[in-house]
Structures are given as structure tokens and as C-alpha cells.
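*Asks:* Provided below: run_5.txt, containing compact mmCIF, C-alpha atoms and all ligand atoms.
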# COMPACT_ATOMS: atom_id res chain seq x y z
CA MET A 807 12.70 1.15 20.13
CA SER A 808 14.67 1.21 23.40
CA ALA A 809 12.79 1.96 26.59
CA ASP A 810 15.08 4.83 27.60
CA GLN A 811 14.22 6.95 24.57
CA ALA A 812 11.82 9.76 25.42
CA ALA A 813 9.08 8.45 23.17
CA PRO A 814 5.45 9.35 23.85
CA SER A 815 3.65 6.59 25.73
CA TYR A 816 0.89 4.55 24.20
CA GLN A 817 -1.70 6.50 26.20
CA ASP A 818 -0.25 9.83 25.03
CA LEU A 819 -0.29 8.71 21.43
CA ARG A 820 -3.78 7.31 21.70
CA ARG A 821 -5.15 10.43 23.34
CA ALA A 822 -3.51 12.70 20.80
CA ALA A 823 -4.66 10.62 17.88
CA LEU A 824 -8.23 10.33 19.15
CA ALA A 825 -8.42 14.04 19.88
CA ALA A 826 -7.16 14.79 16.41
CA ALA A 827 -9.46 12.40 14.62
CA GLU A 828 -12.37 14.78 14.26
CA PRO A 829 -14.60 14.16 11.24
CA SER A 830 -13.54 16.12 8.20
CA GLY A 831 -13.72 16.20 4.46
CA TYR A 832 -10.03 15.29 4.08
CA GLY A 833 -9.64 13.11 0.98
CA ALA A 834 -13.38 12.49 1.01
CA ASP A 835 -13.62 10.78 -2.35
CA ALA A 836 -10.20 9.10 -2.58
CA ALA A 837 -9.87 5.31 -2.69
CA ILE A 838 -7.62 5.22 0.40
CA VAL A 839 -7.34 7.84 3.09
CA CYS A 840 -5.12 7.28 6.13
CA ASP A 841 -5.06 10.10 8.59
CA ARG A 842 -2.54 10.07 11.45
CA LEU A 843 -2.65 6.30 11.50
CA VAL A 844 -0.99 4.70 14.51
CA ARG A 845 -0.24 1.02 15.10
CA ILE A 846 1.54 -0.04 18.24
CA PHE A 847 2.56 -3.64 18.83
CA THR A 848 3.29 -4.77 22.37
CA ALA A 849 5.50 -7.80 22.76
CA ASP A 850 7.10 -8.73 26.11
CA ARG A 851 5.96 -5.37 27.46
CA VAL A 852 8.06 -3.55 24.86
CA GLU A 853 6.12 -1.24 22.59
CA VAL A 854 6.95 -1.08 18.91
CA GLN A 855 5.41 1.89 17.14
CA ALA A 856 5.15 0.42 13.68
CA LEU A 857 3.03 3.32 12.36
CA GLN A 858 3.56 6.70 13.98
CA GLY A 859 0.84 8.95 12.59
CA LEU A 860 0.94 8.00 8.94
CA ASP A 861 -0.93 10.13 6.39
CA LEU A 862 -1.66 8.80 2.92
CA VAL A 863 -4.22 9.61 0.25
CA VAL A 864 -4.50 7.42 -2.84
CA ASP A 865 -6.86 8.55 -5.58
CA ARG A 866 -9.32 6.17 -7.19
CA GLY A 867 -7.78 4.40 -10.16
CA ASP A 868 -4.21 5.19 -9.14
CA LEU A 869 -1.29 2.74 -9.20
CA VAL A 870 1.10 3.48 -6.37
CA ALA A 871 4.34 1.86 -5.20
CA LEU A 872 5.24 1.95 -1.50
CA VAL A 873 8.94 1.73 -0.73
CA GLY A 874 10.97 1.95 2.47
CA ALA A 875 13.60 0.27 4.60
CA SER A 876 12.93 -3.05 6.27
CA GLY A 877 10.88 -2.45 9.43
CA SER A 878 9.57 0.94 8.27
CA GLY A 879 5.94 -0.21 8.53
CA LYS A 880 4.98 -1.13 4.96
CA SER A 881 3.45 -4.53 5.74
CA THR A 882 1.79 -3.15 8.86
CA LEU A 883 0.07 -0.54 6.70
CA LEU A 884 -0.94 -3.03 4.03
CA ASN A 885 -2.36 -5.47 6.60
CA ILE A 886 -4.49 -2.68 8.04
CA LEU A 887 -5.72 -1.65 4.59
CA ALA A 888 -6.51 -5.30 3.87
CA GLY A 889 -8.68 -5.55 6.99
CA LEU A 890 -6.35 -8.17 8.50
CA ASP A 891 -5.19 -5.92 11.33
CA VAL A 892 -6.74 -3.02 13.23
CA PRO A 893 -4.94 0.27 13.89
CA THR A 894 -4.36 1.53 17.42
CA ALA A 895 -5.53 5.05 16.57
CA GLY A 896 -6.04 7.52 13.78
CA SER A 897 -8.35 6.89 10.89
CA ALA A 898 -8.31 4.80 7.74
CA ARG A 899 -10.96 4.70 5.04
CA VAL A 900 -10.88 2.44 2.01
CA ALA A 901 -13.55 2.77 -0.69
CA GLY A 902 -15.67 4.70 1.79
CA ARG A 903 -15.41 2.06 4.57
CA ASP A 904 -14.18 3.20 7.97
CA LEU A 905 -11.65 0.53 8.99
CA LEU A 906 -11.84 1.43 12.68
CA ALA A 907 -15.59 1.08 12.94
CA MET A 908 -16.25 -2.32 11.38
CA SER A 909 -17.83 -5.26 13.18
CA ALA A 910 -16.33 -8.74 12.69
CA GLY A 911 -18.99 -9.44 10.08
CA ASP A 912 -18.32 -6.17 8.27
CA ARG A 913 -14.62 -6.98 8.27
CA LEU A 914 -15.18 -10.37 6.69
CA ARG A 915 -17.38 -8.86 3.98
CA TYR A 916 -14.84 -6.10 3.49
CA ARG A 917 -12.06 -8.66 2.91
CA ARG A 918 -14.20 -10.61 0.47
CA GLU A 919 -15.76 -7.77 -1.45
CA VAL A 920 -13.81 -4.54 -1.18
CA VAL A 921 -10.11 -5.46 -1.24
CA GLY A 922 -7.96 -8.08 -2.92
CA PHE A 923 -4.61 -9.11 -1.46
CA VAL A 924 -1.51 -10.75 -2.93
CA TRP A 925 1.20 -12.08 -0.60
CA GLN A 926 4.90 -12.25 -1.36
CA GLN A 927 5.02 -15.98 -0.63
CA THR A 928 3.65 -17.58 -3.78
CA ALA A 929 2.51 -20.67 -1.83
CA ARG A 930 0.35 -18.54 0.48
CA ASN A 931 -1.90 -17.24 -2.29
CA LEU A 932 -3.27 -20.47 -3.76
CA LEU A 933 -4.71 -23.73 -2.44
CA PRO A 934 -2.39 -26.51 -3.66
CA TYR A 935 -5.08 -29.12 -4.34
CA LEU A 936 -7.25 -26.89 -6.54
CA THR A 937 -6.58 -26.01 -10.18
CA VAL A 938 -5.96 -22.42 -11.21
CA ALA A 939 -9.57 -22.05 -12.40
CA GLN A 940 -10.92 -23.57 -9.16
CA ASN A 941 -8.70 -21.29 -7.07
CA ILE A 942 -10.00 -18.27 -8.93
CA ALA A 943 -13.64 -19.39 -8.62
CA LEU A 944 -13.36 -20.11 -4.89
CA PRO A 945 -13.86 -16.55 -3.53
CA LEU A 946 -17.09 -16.30 -5.55
CA GLN A 947 -18.28 -19.65 -4.21
CA LEU A 948 -17.51 -18.53 -0.66
CA ARG A 949 -19.76 -15.53 -1.13
CA GLY A 950 -22.26 -18.29 -1.77
CA ARG A 951 -25.45 -16.35 -2.18
CA ALA A 952 -26.72 -17.94 -5.32
CA ARG A 953 -26.28 -21.65 -5.97
CA SER A 954 -28.33 -21.68 -9.15
CA ARG A 955 -27.07 -22.91 -12.50
CA GLY A 956 -27.04 -19.28 -13.65
CA ALA A 957 -24.63 -18.38 -10.84
CA ALA A 958 -22.28 -21.22 -11.81
CA ALA A 959 -22.30 -20.04 -15.42
CA ARG A 960 -21.61 -16.45 -14.38
CA ARG A 961 -18.76 -17.70 -12.19
CA SER A 962 -17.16 -19.63 -15.06
CA ALA A 963 -17.52 -16.62 -17.33
CA ARG A 964 -15.82 -14.39 -14.77
CA VAL A 965 -12.97 -16.90 -14.29
CA ALA A 966 -12.49 -17.15 -18.06
CA GLU A 967 -12.49 -13.37 -18.38
CA LEU A 968 -9.73 -13.02 -15.79
CA LEU A 969 -7.63 -15.82 -17.24
CA GLU A 970 -7.91 -14.09 -20.59
CA ALA A 971 -7.10 -10.61 -19.23
CA LEU A 972 -4.00 -11.96 -17.49
CA GLY A 973 -2.92 -14.06 -20.47
CA MET A 974 -3.07 -17.43 -18.74
CA GLY A 975 -6.00 -19.20 -20.37
CA GLU A 976 -3.90 -22.27 -21.15
CA LEU A 977 -3.07 -22.73 -17.45
CA ALA A 978 -6.68 -23.02 -16.22
CA HIS A 979 -6.46 -26.71 -15.36
CA PHE A 980 -2.95 -26.72 -13.86
CA ARG A 981 -2.37 -27.06 -10.13
CA PRO A 982 -0.07 -24.55 -8.37
CA ALA A 983 2.80 -27.07 -8.11
CA GLN A 984 2.80 -27.36 -11.92
CA LEU A 985 3.29 -23.59 -12.33
CA SER A 986 6.38 -21.39 -12.19
CA GLY A 987 6.60 -18.79 -9.41
CA GLY A 988 5.61 -16.07 -11.87
CA GLN A 989 2.59 -18.02 -13.11
CA GLN A 990 1.53 -18.64 -9.50
CA GLN A 991 1.64 -14.91 -8.75
CA ARG A 992 -0.38 -14.17 -11.89
CA ALA A 993 -2.96 -16.69 -10.72
CA ALA A 994 -2.88 -15.06 -7.28
CA ILE A 995 -3.69 -11.71 -8.87
CA ALA A 996 -6.65 -13.33 -10.64
CA VAL A 997 -7.87 -14.80 -7.32
CA ALA A 998 -7.57 -11.40 -5.66
CA MET A 999 -9.46 -9.70 -8.51
CA VAL A 1000 -12.27 -12.16 -9.12
CA GLY A 1001 -14.71 -10.42 -6.79
CA ASP A 1002 -14.04 -7.11 -8.57
CA PRO A 1003 -12.55 -5.35 -5.52
CA ALA A 1004 -12.14 -1.57 -5.53
CA VAL A 1005 -8.57 -1.89 -4.25
CA LEU A 1006 -5.83 -4.45 -4.90
CA LEU A 1007 -3.01 -4.62 -2.35
CA ALA A 1008 0.19 -6.54 -3.03
CA ASP A 1009 2.97 -6.96 -0.45
CA GLU A 1010 6.21 -7.52 -2.36
CA PRO A 1011 4.51 -9.67 -5.00
CA THR A 1012 7.75 -9.96 -6.94
CA GLY A 1013 9.98 -10.57 -3.92
CA GLU A 1014 10.58 -14.25 -4.70
CA LEU A 1015 11.01 -13.81 -8.46
CA ASP A 1016 13.86 -12.98 -10.81
CA SER A 1017 13.69 -9.58 -12.50
CA GLU A 1018 12.37 -10.82 -15.83
CA THR A 1019 9.51 -12.73 -14.20
CA ALA A 1020 8.92 -9.75 -11.91
CA ALA A 1021 8.39 -7.54 -14.97
CA GLY A 1022 5.58 -9.89 -16.09
CA ILE A 1023 3.88 -9.63 -12.69
CA PHE A 1024 4.15 -5.90 -12.83
CA ASP A 1025 2.48 -5.96 -16.26
CA ALA A 1026 -0.34 -8.04 -14.77
CA LEU A 1027 -0.79 -5.48 -11.98
CA ARG A 1028 -0.88 -2.72 -14.55
CA THR A 1029 -3.52 -4.62 -16.52
CA VAL A 1030 -5.61 -4.94 -13.37
CA ASN A 1031 -5.27 -1.21 -12.81
CA ARG A 1032 -5.99 -0.08 -16.38
CA GLU A 1033 -8.40 -2.66 -17.69
CA LEU A 1034 -10.20 -3.86 -14.58
CA GLY A 1035 -10.25 -0.43 -12.97
CA ALA A 1036 -8.84 -1.32 -9.55
CA THR A 1037 -6.80 1.08 -7.46
CA VAL A 1038 -3.51 -0.76 -6.91
CA VAL A 1039 -0.97 -0.38 -4.09
CA ILE A 1040 2.25 -2.38 -4.37
CA VAL A 1041 4.88 -2.67 -1.65
CA THR A 1042 8.19 -3.30 -3.36
CA HIS A 1043 11.94 -3.31 -2.98
CA ASP A 1044 12.25 -3.65 -6.73
CA PRO A 1045 13.63 -0.43 -8.24
CA MET A 1046 12.23 -1.49 -11.63
CA VAL A 1047 8.67 -1.54 -10.29
CA ALA A 1048 9.12 1.63 -8.25
CA GLY A 1049 10.65 3.33 -11.30
CA GLU A 1050 7.71 2.61 -13.58
CA VAL A 1051 4.72 3.79 -11.62
CA ARG A 1052 3.47 7.34 -11.72
CA ARG A 1053 3.70 7.71 -7.99
CA THR A 1054 6.15 6.16 -5.51
CA VAL A 1055 5.59 6.87 -1.83
CA ALA A 1056 8.42 6.32 0.64
CA ILE A 1057 7.70 5.28 4.22
CA ARG A 1058 10.24 6.09 6.92
CA ASP A 1059 9.85 5.19 10.58
CA GLY A 1060 6.14 4.52 10.30
CA ARG A 1061 5.24 7.65 8.36
CA THR A 1062 5.05 8.64 4.73
CA SER A 1063 8.13 10.78 4.27
CA SER A 1064 8.51 11.62 0.59
CA GLU A 1065 7.17 10.74 -2.80
CA VAL A 1066 8.28 10.75 -6.40
CA LEU A 1067 5.83 11.77 -9.11
CA ARG A 1068 6.57 11.00 -12.74
CA ARG A 1069 4.90 12.87 -15.56
CA THR A 1070 5.24 12.33 -19.25
CA VAL A 1071 6.12 15.65 -20.85
CA VAL A 1072 5.79 16.25 -24.59
CA ASP A 1073 8.16 18.92 -25.96
CA GLU A 1074 7.54 21.25 -28.92
CA HIS A 1075 8.84 18.59 -31.35
CA GLY A 1076 6.42 16.00 -30.00
CA ALA A 1077 9.15 14.00 -28.24
CA GLU A 1078 8.08 12.40 -24.95
CA THR A 1079 10.26 12.48 -21.89
CA VAL A 1080 9.42 11.41 -18.38
CA SER A 1081 10.01 14.11 -15.81
CA GLU A 1082 10.58 12.98 -12.27
CA ARG A 1083 10.31 15.10 -9.16
CA GLU A 1084 10.72 14.21 -5.54
CA TYR A 1085 8.38 15.78 -3.00
CA VAL A 1086 8.33 15.62 0.78
CA MET A 1087 5.06 15.26 2.66
CA LEU A 1088 3.45 18.25 4.25
CA ASP A 1089 1.03 17.16 6.93
CA ARG A 1090 -2.08 19.01 7.97
CA THR A 1091 -0.31 20.71 10.85
CA GLY A 1092 2.43 22.01 8.52
CA ARG A 1093 5.16 19.52 9.41
CA VAL A 1094 7.61 18.39 6.74
CA GLN A 1095 10.34 15.80 7.02
CA LEU A 1096 13.46 16.99 5.19
CA PRO A 1097 15.57 14.34 3.45
CA ARG A 1098 18.36 13.12 5.73
CA LYS A 1099 20.99 13.83 3.08
CA PHE A 1100 19.95 17.49 2.92
CA LEU A 1101 20.18 17.84 6.69
CA GLU A 1102 23.60 16.22 6.74
CA ALA A 1103 24.89 18.29 3.82
CA LEU A 1104 24.18 21.55 5.68
CA GLY A 1105 24.72 20.25 9.20
CA MET A 1106 21.12 21.02 10.18
CA GLU A 1107 19.88 19.66 13.47
CA HIS A 1108 17.51 20.54 16.31
CA ARG A 1109 16.21 23.74 14.75
CA VAL A 1110 16.39 25.68 11.53
CA ALA A 1111 15.66 29.23 10.47
CA VAL A 1112 12.57 29.51 8.24
CA ASP A 1113 11.79 32.52 6.07
CA LEU A 1114 8.86 33.22 3.80
CA GLU A 1115 9.95 34.37 0.35
CA PRO A 1116 7.52 35.53 -2.38
CA ASP A 1117 7.24 32.08 -3.97
CA HIS A 1118 8.97 29.67 -1.60
CA VAL A 1119 9.98 29.01 1.95
CA ALA A 1120 13.71 29.11 2.76
CA VAL A 1121 15.04 26.73 5.41
CA ARG A 1122 18.53 27.55 6.71
CA PRO A 1123 20.81 26.12 9.36
CA ASP A 1124 20.37 27.81 12.72
CA ASP A 1125 22.89 30.62 13.02
CA PRO A 1126 23.96 30.88 16.68
CA THR A 1127 25.40 34.42 16.14
CA GLY A 1128 21.95 35.56 15.01
CA SER A 1129 23.41 37.44 12.05
N1 LIG B 1201 2.90 -8.68 15.02
C1 LIG B 1201 3.90 -7.90 15.41
N2 LIG B 1201 4.28 -7.87 16.71
C2 LIG B 1201 5.28 -7.05 17.13
N3 LIG B 1201 5.97 -6.23 16.32
C3 LIG B 1201 5.64 -6.23 15.01
C4 LIG B 1201 4.59 -7.05 14.48
N4 LIG B 1201 4.50 -6.83 13.15
C5 LIG B 1201 5.44 -5.90 12.85
N5 LIG B 1201 6.12 -5.53 13.95
C6 LIG B 1201 7.20 -4.52 14.02
O1 LIG B 1201 6.72 -3.34 13.41
C7 LIG B 1201 7.73 -2.72 12.64
C8 LIG B 1201 7.27 -2.59 11.20
O2 LIG B 1201 7.18 -3.89 10.62
P1 LIG B 1201 6.68 -4.16 9.12
O3 LIG B 1201 6.56 -5.61 8.97
O4 LIG B 1201 5.47 -3.33 8.87
O5 LIG B 1201 7.90 -3.60 8.28
P2 LIG B 1201 8.15 -3.64 6.69
O6 LIG B 1201 8.35 -2.23 6.26
O7 LIG B 1201 7.08 -4.43 6.03
O8 LIG B 1201 9.56 -4.40 6.59
P3 LIG B 1201 10.09 -5.46 5.48
O9 LIG B 1201 10.58 -4.61 4.33
O10 LIG B 1201 11.21 -6.13 6.19
O11 LIG B 1201 8.99 -6.37 5.11
C9 LIG B 1201 8.98 -3.59 12.81
O12 LIG B 1201 9.76 -3.02 13.85
C10 LIG B 1201 8.41 -4.92 13.22
O13 LIG B 1201 9.33 -5.63 14.00
MG MG B 1202 7.04 -6.26 4.99
Take the structure from the file and write it as C-alpha cells.
Ligand SMILES: Nc1ncnc2c1ncn2[C@@H]1O[C@H](COP(=O)(O)OP(=O)(O)OP(=O)(O)O)[C@@H](O)[C@H]1O
Ligand SMILES: [Mg+2]
*Replies:*
Amino acid sequence: MSADQAAPSYQDLRRAALAAAEPSGYGADAAIVCDRLVRIFTADRVEVQALQGLDLVVDRGDLVALVGASGSGKSTLLNILAGLDVPTAGSARVAGRDLLAMSAGDRLRYRREVVGFVWQQTARNLLPYLTVAQNIALPLQLRGRARSRGAAARRSARVAELLEALGMGELAHFRPAQLSGGQQQRAAIAVAMVGDPAVLLADEPTGELDSETAAGIFDALRTVNRELGATVVIVTHDPMVAGEVRRTVAIRDGRTSSEVLRRTVVDEHGAETVSEREYVMLDRTGRVQLPRKFLEALGMEHRVAVDLEPDHVAVRPDDPTGS
């Protein structure tokens, strides 16, 4: 953002966000609740507002795709949810944990026990000198509470269970370099899931793969969601992935701007069709962000006339004649 734009300063944003962050029951039992989340990066004394008051609620057990232009804040959001980064202001709760109030120790435990994370770069997810089975077992070993023979047996059973669920039992003793990109990402999902996290986060997990391989990874993420019960959030540019989930949330300029919900509708003859509807976000203060194409189509800018009708709200271009 250029310095001459009349953007609120960091202090303004921080004050506003802190003042607004009163305790409330908003999304109390959802898996993820972000409320007016702000993340400001400062580099060379230039502030970048990567998240500008982002609101997002993800229900437990949901599978959600996050889409948005490059630089819109998707990775910033995911890194915060993963406990790898701390927001500047606002609030974020994941599986009941307050991400702004964790000590360093809490944060470490949170990353090990509450969330799983899959990176886009296949090489970043696995240790090259360990086999697939050893990679998957490692997070459990790092928890390292019990070193008994019983613990080792339970660990092996858990690794076998995941390999089976993700259809990669025959790859247990391969090293990452012996696997295709798609197999590596499948293994990465197993590593992320081994500790039975409540939430699995994946930042463009299919970004380095061709579309056929990407479809397999998406299936694996769906398996994790349906069979292992994790709430899954996937950042993706892949229209195939975004087109298959029930809910796709679009991020624009550091805020959630719209979302598409898909429902399977059964008609009177029993035929199934998928109905798709786009919604825009309504925040708690009543603000909505209208799609840019709507604004352009009707030449709306600066202000609009708003009228309450019996069952809807009409938004019209400002009429300077007042008629
Ligand atoms: N560590 C950082 N320091 C400074 N600016 C950053 C940092 N990380 C991200 N940003 C800036 O924050 C904004 C959002 O970046 P982010 O990586 O979240 O976007 P994204 O939606 O993931 O984009 P892409 O689709 O390209 O991955 C960008 O303007 C980016 O340059
Ligand atoms: Mg990104």
C-alpha cells in the first residue's frame, strides 16, 4: 500500500480492534472463529495490512476452500490459524484455544496437538532421510511422553491406520525422493493427521501437481474430513477443488468478501442436482462488500441509496437529482 493513501495508521487499527474485541458468544462452538482479525507487517518502515479485520466462522467438521487473488492474505490467515504467526489485533479461536493469549509453550503444544499443516512445497512437509512410516510416526515420538513398548506399538498401529485410510500402505518403507509429488503430499497429510488434530490446514497443497494428481490429494483431504473427523481448510487456486467443496470462501484485500454454498437438491423425481449460490459477507456492524462487477455494471461509487422492502433490501445508485 502506498504511503500517500489515507489508510488508518497501525495505532488507529490496533485501538479500534482492541476496543471492539469484547468477549462475546460469537461462534462460540465453531471450530474456527476469526473476529476482526488484523495482521500488519512492517518492512522498511512501510506497513502492509495483510489482514484488515477479517471475519470467518468455520463449523466443526466442515470442509472449506479459501480462494482469492495473490496477496489477498490467504497464507497470512493460514499461518495465524496454524500458530506459526501472531495477529496484530482482533481475535482468533481454534478448537476453543485463544490464539492471541498463548504462551510460547502453549503455542508449541497447540501446533503439535490441535492443528495439522500441509505446505504447498512437497519437500517442506517430509524429512528426506526418513521413510514414509518414520515421517508419520515422528510427531508422536516428539510428543514423547511414553517411551514404553506399549507406546511404540500404539504408534505403529496409528501409522498403519493412516497409511491404510489414505491408501498408501505399500509405500510405508519408501523415502520421499522415491515418491511422486502426489504421493509425497498424501504422506504429508498423514504426517499432519497422525496426532488426531481437530483442524487440518493446507496451503495450496495441490499447487505443484498436475490436475489428475491434484484430484487424488483432494480425495485424501476429503477422507481426512469424513473418516477422521477433522475440520479441513484448504487454500487453493484450483477451480476443481473450489468447485467440489460445500463452501468456498473468497478473501479480498485481507477480508472475507463472499462465499459460495453448494447444496444437493433432490427433485420430485428423485434426481439430484447441486444448487450453487453466492453470498456476500455481512459483518456484525452491518457492512457488506458488494461484488465489484455489480458496482461497475450500475456505476455505483461513494454512496448508494438503500431501502427496506418487505423481504429484501434494495441498493440503488445514488441519484443526484433526488427523484
Ligand atoms: N512476512 C511478511 N513481511 C511483509 N509482508 C508480508 C509478509 N508476509 C506476507 N506479506 C504481505 O502480506 C500480503 C498478503 O500476503 P499472503 O502471503 O497472505 O497472500 P496470499 O493470498 O497467500 O497470496 P498467494 O496467492 O500469492 O500465495 C501481501 O501483500 C504480502 O506481500
Ligand atoms: Mg499464499
*Asks:* In Å to one decimal, how far is CA of Glu1065 in chain A from CA of Asp865 in chain A?
*Replies:* 14.5 Å
*Asks:* Show me which residues sit within 9 Å of ligand LIG 1201 (chain B) when counting all atoms listed in the file, and put them as a ChimeraX atom specification.
*Replies:* /A:807,845-849,852-857,873-885,1009-1010,1041-1043,1057-1060
*Asks:* Looking at A:Val1094, A:Ile1040, A:Met999, A:Ala895, which one is nearest to ligand MG 1202 (chain B), with distances taken over all atoms listed in the file?
*Replies:* A:Ile1040
*Asks:* So the first atom is CA of Asp1016 in chain A and the second is CA of Glu970 in chain A; what is the distance between them in Å, to one decimal place?
*Replies:*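 Calculated distance between CA of Asp1016 in chain A and CA of Glu970 in chain A is 23.9 Å.
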*Asks:* Please report as a Markdown table every residue of range 828-893 of chain A lying within 9 Å of range 904-927 of chain A, along with the nearest atom pair and their distance in Å (one decimal), using all atoms listed in the file.
*Replies:*
| residue | atom | partner | partner_atom | distance |
| --- | --- | --- | --- | --- |
| A:Leu884 | CA | A:Phe923 | CA | 9.0 |
| A:Ile886 | CA | A:Leu905 | CA | 7.9 |
| A:Leu887 | CA | A:Leu905 | CA | 7.7 |
| A:Ala888 | CA | A:Val921 | CA | 6.3 |
| A:Gly889 | CA | A:Arg917 | CA | 6.1 |
| A:Leu890 | CA | A:Arg917 | CA | 8.0 |
| A:Val892 | CA | A:Leu906 | CA | 6.8 |
| A:Pro893 | CA | A:Leu906 | CA | 7.1 |
*Asks:* Can you tell me how far CA of Gln1095 in chain A sits from CA of Ala901 in chain A, in Å to one decimal?
*Replies:*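 Taking CA of Gln1095 in chain A and CA of Ala901 in chain A, their separation equals 28.3 Å.
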*Asks:* Select, from A:Glu976, A:Gly867, A:Gln989, A:Leu862, the residue with the minimum atom-to-atom distance to Ala1056 in chain A, counting all atoms listed in the file.
*Replies:*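 So, comparing all the options, the nearest one is A:Leu862.
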*Asks:* Please determine the residues with any atom at most 10 Å from (2.8, -22.4, -13.5) (coordinates as given in the file, with only C-alpha atoms counting) and report them as a list in words.
*Replies:*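 Residues found, by chain and rising number: Val938, Met974, Leu977, Ala978, Phe980, Arg981, Pro982, Ala983, Gln984, Leu985, Ser986, Gly987, Gly988, Gln989, Gln990, Gln991, Arg992 and Ala993 of chain A.
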*Asks:* Have a look at A:Asp1044, A:Ala1120, A:His979, A:Val1080 and name the one nearest to Leu936 in chain A; count only C-alpha atoms.
*Replies:* A:His979
*Asks:* From the options A:Gly1049, A:Pro1097, A:Gly1013, A:Gly859, which residue's atoms come nearest to Asp841 in chain A, counting only C-alpha atoms?
*Replies:* A:Gly859
*Asks:* Taking all atoms listed in the file into account, name the residue in A:Pro945, A:Gly902, A:Pro1011, A:Gly896 that is nearest to ligand MG 1202 (chain B).
*Replies:*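 That would be A:Pro1011, the residue with the smallest distance to ligand MG 1202 (chain B).
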*Asks:* Go through A:Ala1111, A:Leu872, A:Leu1067, A:Val1000 and flag the residue nearest ligand MG 1202 (chain B), using all atoms listed in the file for the distances.
*Replies:*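 Counting all atoms listed in the file, the residue closest to ligand MG 1202 (chain B) is A:Leu872.
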*Asks:* Would you pick out the contacts of Leu1088 in chain A at 10 Å or less, using only C-alpha atoms, so that residues sharing its chain but fewer than 5 positions from it are not included, and give the list as a VMD selection string?
*Replies:* chain A and resid 861 1062 to 1064 1093 to 1095
*Asks:* Which residues come within 7 Å of Val1039 in chain A, counting all atoms listed in the file, excluding same-chain residues fewer than 4 positions away, as number ranges by chain?
*Replies:* A: 869-871, 1006-1008
*Asks:* Take the residues from that selection and write them out as a PDB file, keeping the file's coordinate frame, keeping C-alpha atoms.
*Replies:*
ATOM      1  CA  LEU A 869      -1.290   2.740  -9.200  1.00  0.00           C
ATOM      2  CA  VAL A 870       1.100   3.480  -6.370  1.00  0.00           C
ATOM      3  CA  ALA A 871       4.340   1.860  -5.200  1.00  0.00           C
ATOM      4  CA  LEU A1006      -5.830  -4.450  -4.900  1.00  0.00           C
ATOM      5  CA  LEU A1007      -3.010  -4.620  -2.350  1.00  0.00           C
ATOM      6  CA  ALA A1008       0.190  -6.540  -3.030  1.00  0.00           C
TER       7      ALA A1008
END
*Asks:* Let me know the centre plus edge lengths, in Å and rounded to one decimal, of a box with edges along x, y and z that contains all listed atoms of range 1081-1094 of chain A and is padded by 8 Å on every side, as JSON.
*Replies:*
{"center_x": 4.3, "center_y": 17.5, "center_z": -2.5, "size_x": 28.8, "size_y": 25.0, "size_z": 42.7}
*Asks:* Could you pull the residues within 8 Å of Asp1124 in chain A, counting only C-alpha atoms, minus those fewer than 4 positions along the same chain, as a ChimeraX atom specification?
*Replies:* /A:1106,1109-1111
